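J.: I am sharing input.cif, which consists of mmCIF, C-alpha atoms:
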data_work
#
loop_
_atom_site.group_PDB
_atom_site.id
_atom_site.type_symbol
_atom_site.label_atom_id
_atom_site.label_comp_id
_atom_site.auth_asym_id
_atom_site.auth_seq_id
_atom_site.Cartn_x
_atom_site.Cartn_y
_atom_site.Cartn_z
ATOM 1 C CA MET A 7 7.181 -1.027 -11.377
ATOM 2 C CA VAL A 8 3.409 -0.481 -11.513
ATOM 3 C CA SER A 9 1.570 -2.179 -14.361
ATOM 4 C CA SER A 10 0.459 0.299 -17.023
ATOM 5 C CA SER A 11 -3.113 -0.927 -16.749
ATOM 6 C CA ARG A 12 -3.170 0.122 -13.085
ATOM 7 C CA ILE A 13 -1.702 3.626 -13.189
ATOM 8 C CA GLY A 14 -3.479 6.829 -12.333
ATOM 9 C CA ILE A 15 -1.881 10.196 -11.800
ATOM 10 C CA ILE A 16 -2.538 13.027 -9.415
ATOM 11 C CA ILE A 17 -1.763 16.485 -10.698
ATOM 12 C CA ALA A 18 -1.416 19.299 -8.188
ATOM 13 C CA SER A 19 -1.064 22.808 -9.568
ATOM 14 C CA THR A 20 1.170 24.059 -6.760
ATOM 15 C CA THR A 21 4.304 23.028 -4.878
ATOM 16 C CA GLU A 22 4.940 19.649 -3.248
ATOM 17 C CA ASP A 23 4.992 21.416 0.151
ATOM 18 C CA ASP A 24 1.462 22.763 -0.428
ATOM 19 C CA VAL A 25 0.315 19.299 -1.537
ATOM 20 C CA GLN A 26 1.518 17.789 1.732
ATOM 21 C CA LYS A 27 -0.140 20.579 3.745
ATOM 22 C CA GLY A 28 -3.448 20.032 1.923
ATOM 23 C CA LYS A 29 -3.389 23.483 0.283
ATOM 24 C CA ALA A 30 -3.142 22.275 -3.295
ATOM 25 C CA MET A 31 -5.835 22.081 -5.936
ATOM 26 C CA ILE A 32 -5.617 18.376 -6.767
ATOM 27 C CA THR A 33 -7.004 16.743 -9.887
ATOM 28 C CA ARG A 34 -6.971 12.990 -10.517
ATOM 29 C CA VAL A 35 -6.856 11.863 -14.127
ATOM 30 C CA ARG A 36 -6.066 8.708 -16.039
ATOM 31 C CA ALA A 37 -3.001 8.914 -18.233
ATOM 32 C CA LYS A 38 -0.691 6.842 -20.407
ATOM 33 C CA PHE A 39 3.071 6.725 -20.199
ATOM 34 C CA THR A 40 4.238 6.947 -23.817
ATOM 35 C CA ASN A 41 7.766 7.483 -25.151
ATOM 36 C CA GLY A 42 8.975 8.743 -21.774
ATOM 37 C CA HIS A 43 6.092 11.201 -21.293
ATOM 38 C CA ILE A 44 2.943 11.144 -19.191
ATOM 39 C CA VAL A 45 0.006 11.889 -21.487
ATOM 40 C CA PRO A 46 -3.377 12.666 -19.839
ATOM 41 C CA LEU A 47 -6.353 10.844 -21.342
ATOM 42 C CA GLU A 48 -8.645 13.791 -20.673
ATOM 43 C CA ARG A 49 -8.494 17.568 -21.001
ATOM 44 C CA LEU A 50 -6.885 19.398 -18.076
ATOM 45 C CA ASP A 51 -7.873 22.903 -17.002
ATOM 46 C CA ILE A 52 -4.310 24.027 -16.256
ATOM 47 C CA GLU A 53 -2.593 27.139 -17.547
ATOM 48 C CA GLU A 54 -0.043 26.422 -20.296
ATOM 49 C CA GLY A 55 3.456 26.240 -18.812
ATOM 50 C CA ALA A 56 2.222 25.897 -15.221
ATOM 51 C CA GLU A 57 4.445 23.819 -12.970
ATOM 52 C CA VAL A 58 2.626 20.820 -11.503
ATOM 53 C CA VAL A 59 3.429 18.011 -9.099
ATOM 54 C CA VAL A 60 2.639 14.564 -10.488
ATOM 55 C CA ALA A 61 2.178 11.584 -8.150
ATOM 56 C CA ILE A 62 1.724 8.171 -9.694
ATOM 57 C CA GLU A 63 -0.641 5.879 -7.835
ATOM 58 C CA ASP A 64 -1.651 2.267 -8.222
ATOM 59 C CA THR A 65 -5.316 2.345 -9.194
ATOM 60 C CA GLN A 66 -5.997 -1.328 -8.533
ATOM 61 C CA ALA A 67 -8.734 -1.610 -5.943
ATOM 62 C CA PRO A 68 -7.199 -2.327 -2.550
ATOM 63 C CA LYS A 69 -7.952 -5.700 -1.053
ATOM 64 C CA GLN A 70 -10.443 -5.630 1.776
ATOM 65 C CA GLY A 71 -11.484 -7.887 4.618
ATOM 66 C CA LEU A 72 -9.870 -11.304 4.924
ATOM 67 C CA ALA A 73 -7.984 -10.915 1.623
ATOM 68 C CA ALA A 74 -6.298 -7.751 2.934
ATOM 69 C CA ILE A 75 -5.362 -9.470 6.176
ATOM 70 C CA ALA A 76 -3.949 -12.509 4.361
ATOM 71 C CA GLU A 77 -1.905 -10.256 2.068
ATOM 72 C CA ARG A 78 -0.481 -8.344 5.038
ATOM 73 C CA VAL A 79 0.422 -11.569 6.855
ATOM 74 C CA LYS A 80 2.294 -12.752 3.727
ATOM 75 C CA GLU A 81 4.212 -9.458 3.627
ATOM 76 C CA LEU A 82 5.131 -9.727 7.308
ATOM 77 C CA HIS A 83 6.099 -13.394 6.922
ATOM 78 C CA LYS A 84 8.731 -12.425 4.323
ATOM 79 C CA ASP A 85 10.457 -10.139 6.851
ATOM 80 C CA ILE A 86 11.059 -12.892 9.404
ATOM 81 C CA PRO A 87 14.211 -14.989 8.889
ATOM 82 C CA PRO A 88 13.571 -18.762 8.555
ATOM 83 C CA GLU A 89 15.636 -19.557 11.669
ATOM 84 C CA GLU A 90 13.222 -17.435 13.741
ATOM 85 C CA TRP A 91 10.295 -19.653 12.730
ATOM 86 C CA ALA A 92 12.039 -22.594 14.463
ATOM 87 C CA ASP A 93 11.446 -20.830 17.812
ATOM 88 C CA VAL A 94 7.680 -20.477 17.289
ATOM 89 C CA PRO A 95 5.787 -22.978 19.479
ATOM 90 C CA PRO A 96 3.758 -25.436 17.368
ATOM 91 C CA ASP A 97 0.683 -24.802 19.543
ATOM 92 C CA LEU A 98 0.908 -20.998 19.342
ATOM 93 C CA ALA A 99 -2.481 -20.529 17.692
ATOM 94 C CA MET A 100 -4.330 -22.684 20.187
ATOM 95 C CA ASN A 101 -2.413 -21.405 23.238
ATOM 96 C CA HIS A 102 -1.770 -17.784 22.311
ATOM 97 C CA LYS A 103 -3.329 -16.643 25.626
ATOM 98 C CA HIS A 104 -0.810 -18.801 27.483
ATOM 99 C CA TYR A 105 2.139 -17.300 25.585
ATOM 100 C CA LEU A 106 0.850 -13.731 25.744
ATOM 101 C CA TYR A 107 -0.767 -13.566 29.183
ATOM 102 C CA GLY A 108 0.308 -16.660 31.113
ATOM 103 C CA HIS A 109 -3.097 -18.376 31.049
ATOM 104 C CA PRO A 110 -3.128 -22.159 31.508
ATOM 105 C CA LYS A 111 -2.401 -24.112 28.316
ATOM 106 C CA GLU A 112 -5.286 -25.739 26.472
ATOM 107 C CA GLU A 113 -4.997 -29.368 25.426
ATOM 108 C CA ASP A 114 -6.010 -30.805 22.035
#
Could you render the structure from this file as structure tokens?
T.:
Amino acid sequence: MVSSSRIGIIIASTTEDDVQKGKAMITRVRAKFTNGHIVPLERLDIEEGAEVVVAIEDTQAPKQGLAAIAERVKELHKDIPPEEWADVPPDLAMNHKHYLYGHPKEED
């Protein structure tokens, strides 16, 4: 579940198919989820009764640079079973060229 302080919505006044094809008129607005309803925090220029597609997005700024890389490594680490880590050579970082390309090993 996305934290309520980090939610934004995208409203497209057309079908989901048109949204995916880039043919939709898309408007991004902030909204609150209250009593089971999405309530825009600003006025929308949409015809009353018009069908819209609503996509909820996490509005927290994405991590960049080293923080983004570290986050991705943590995510990938979770997918590898613990028994697989036992097969990783302890000198992998220092000798990655040896393990990847067959270069001579480097010593400490």
J.: In Å, with one decimal, what is the gap from CA of His104 in chain A to CA of Pro88 in chain A?
T.: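 Taking CA of His104 in chain A and CA of Pro88 in chain A, their separation equals 23.8 Å.
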J.: Hey, can you check how far CA of His102 in chain A sits from CA of Glu90 in chain A?
T.: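 Value for the CA of His102 in chain A-CA of Glu90 in chain A distance: 17.3 Å.
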J.: So, with all atoms listed in the file as the atoms that count, which of A:Glu81, A:Asp51, A:Ile86, A:Ala99 lies closest to Lys111 in chain A?
T.: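 Smallest distance to Lys111 in chain A is found for A:Ala99.
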J.: Could you check how far CA of His43 in chain A sits from CA of Val60 in chain A, in Å to one decimal?
T.: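 If I compute the distance from CA of His43 in chain A to CA of Val60 in chain A, I get 11.8 Å.
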